[in-house]
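Undergrad: Can you read through this structure? Questions will come right after.
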Amino acid sequence: MNLKKYQEICKENTPKENIFKKTIISFIVGGLIGLIGQLLIKVYLSFNSFSYTDACNLMMITLIFFSCFFTALGFFDDLVTKCGAGLFLPITGFAHATVSSAMEYRKEGLVFGIGSNIFKMSGSVILYGVVSSYICALIKYLGG
Amino acid sequence: MTLKFNNVYINETSLVVGPFVKDGPLKNFDKVYNDFYNGEKTFEECEIKALNDCLKILLEKINKNEKQIDVVFSSDLSNQLSISNIVLSKYNIPYFGVYNACSSLTEMIILSSSMIESKKINNSILLTSSHNLTAERQYRNPVEYGAPKPKYSTFTVTSSTGCYISNTKSKIKIDTCTIGKVIDSTIKDVSNMGAVMAIAAANTLFQHLNEIKKDSNYYDLILTGDLGKYGKKIFVDTLKELYNIELKNYDDTACMIYDNNDKNTLAGGSGISCMPTVLYSKIIPEMKNEKIKNVLLLATGALMNPTIVNLKKSIPSISHAVSLKVIR
């Protein structure tokens with residue numbers, strides 16, 4: 001059987017994704033998330049009782065809360081499907097991945113269900129986040 | 001290898017369908033589930049209920065009790081056929097669990113027809129079941145994750161189907177069958193199931209036509225399993241370029257099951273129940289009205305396993321062919 005020819009036929013008939021359109025959508029949505037974050041920082045700073053670092057932390061907590069909440073209500077996954085990387089690359093995506101895994105496995109028990117599987121989708125973010133921050137810190141330390 | 005049957009008939013069918021299929025172009029369902037839970041706590045329990053309902057409806061339709069059924073064959077997509085196992089544990093019928101991914105329907109027809117033809121048994125029931133979200137959960141990501149999918153990926157059909165075949169004469173006769181071979185598709189993309197399976201279907205069709213010594217126009221309709229919009233094109237092109245066969249009366253059940261304007265269903269249906277749902281709700285009624293008389297079924301299965309896919313191995317596929325004929 002001519003498998004090389006078959007691979008060519010498959011390639012010809014497989015549709016290409018519209019990367020340009022998807023990039024633009026992700027760019028706009030990602031930018032909007034950034035804008036909302038910035039506005040939230042401004043709002044928290046206007047209370048006068050928070051430092052800039054506190055305001056940033058509160059902004060992140062707010063974004064995480066709402067993406068978790070919307071995932072639990074069941075419509076955040078449709079938004080992720082439409083907006084792509086614009087929604088799943090920022091911190092909203094990390095929260096969404098964690099909550100969706102928790103919802104998936106809650107019927108299998110608290111320990112072996114939620115406990116074992118909650119970081120199924122987002123575990124690599126934690127692992128490589130820690131590893132890369134360690135390397136960056138090392139470089140900074142050695143470089144002075 | 002092609003076998004000929006002389007005394008096996010399809011007598012009755014039953015269908016329980018779920019969301020998306022019920023909104024599609026097909027009609028003639030026995031029961032409709034409006035959502036993916038249908039009052040149960042989990043998707044798996046919903047699928048168990050659907051398959052159970054389907055078997056119950058079929059037994060009522062043929063007016064037989066479980067002791068009068070010789071063998072039941074059943075297949076689903078859940079690990080270790082757990083849905084079939086649980087449903088059949090409530091019945092007192094000898095049981096074969098069959099798995100050949102989405103080509104299980106034709107495989108079950110071949111197995112049970114051979115037993116009926118050789119007079120070892122008189123009748124049998126064939127069950128299939130698939131559920132969009134149990135499959136999604138098992139083969140892909142958590143249901144609420146919603147990662148964007150490529151255009152060419154397919155959308156698993158939610159339905160349970162049942163079929164009663166026996167040596168009692170009816171209008172639809174099971175005529176011939178060709179047992180397919182496992183083919184290494186060399187495709188590694190788990191979303192591109194059409195490309196994985198098209199080559200197996202082309203290979204089996206070529207072999208079938210050679211062995212019955214007819215050309216493709218002999219059939220009023222040739223149906224492939226669940227290749228989807230793009231897999232269908234790959235199948236037609238492969239036949240033309242590698243096997244020199246031109247198809248005229250051809251369609252793919254993945255493209256017939258959903259409303260084609262619905263963007264959620266991407267390239268079309270897939271799953272074990274895709275072909276039987278189209279067959280029982282559309283093709284068999286048309287055959288009973290003698291609109292079409294000679295049909296070839298090429299159910300196609302991608303024999304994939306999430307672990308092996310993650311190990312970056314290519315996905316093998318298989319297709320078994322069964323032909324149905326209208327008799328007077």
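Chain labels A, B, ... are given in the sequence in which chains occur in the structure tokens; within each chain residues are numbered consecutively from 1, and ligands are likewise numbered from 1 in the order shown.
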Write out as a PyMOL selection string every residue belonging to chain A that has an atom at most 6 Å from any atom of chain B, counting only C-alpha atoms.
TA: chain A and resi 10+77+81+100-101+104
Undergrad: Which residues in stretch 231-299 of chain B does DSSP call alpha helix (DSSP H)? List them as a list in words.
TA: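 Those in stretch 231-299 of chain B that DSSP calls alpha helix (DSSP H) are Gly231, Lys232, Lys233, Ile234, Phe235, Val236, Asp237, Thr238, Cys274, Met275, Pro276, Thr277, Val278, Ile284, Pro285, Glu286, Met287 and Lys288 of chain B.
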Undergrad: Please, could you write that set of residues out with C-alpha atoms as a short mmCIF file (atom, residue, chain, number, x, y, z; two decimals), in the first residue's frame?
TA:
data_model
loop_
_atom_site.label_atom_id
_atom_site.label_comp_id
_atom_site.auth_asym_id
_atom_site.auth_seq_id
_atom_site.Cartn_x
_atom_site.Cartn_y
_atom_site.Cartn_z
CA GLY B 231 -12.54 12.14 6.07
CA LYS B 232 -15.21 11.60 3.42
CA LYS B 233 -13.14 13.55 0.90
CA ILE B 234 -10.00 11.63 1.88
CA PHE B 235 -11.91 8.34 1.39
CA VAL B 236 -13.16 9.30 -2.09
CA ASP B 237 -9.71 10.55 -3.18
CA THR B 238 -7.94 7.48 -1.78
CA CYS B 274 -23.22 6.93 14.80
CA MET B 275 -23.78 4.38 12.03
CA PRO B 276 -26.56 2.36 13.74
CA THR B 277 -28.51 5.55 14.55
CA VAL B 278 -28.55 6.61 10.89
CA ILE B 284 -33.86 0.68 7.18
CA PRO B 285 -37.22 2.54 6.83
CA GLU B 286 -36.17 3.51 3.29
CA MET B 287 -35.29 -0.10 2.56
CA LYS B 288 -38.65 -1.24 3.89
#
Undergrad: Would you list the contacts of A:Ser122 as an MDAnalysis selection string, taking every protein, DNA or RNA residue within 12 Å and counting only C-alpha atoms, but skipping same-chain residues closer than 6 positions in sequence?
TA: (chainID A and resid 88:89 91:102 128:129) or (chainID B and resid 141:142 145)
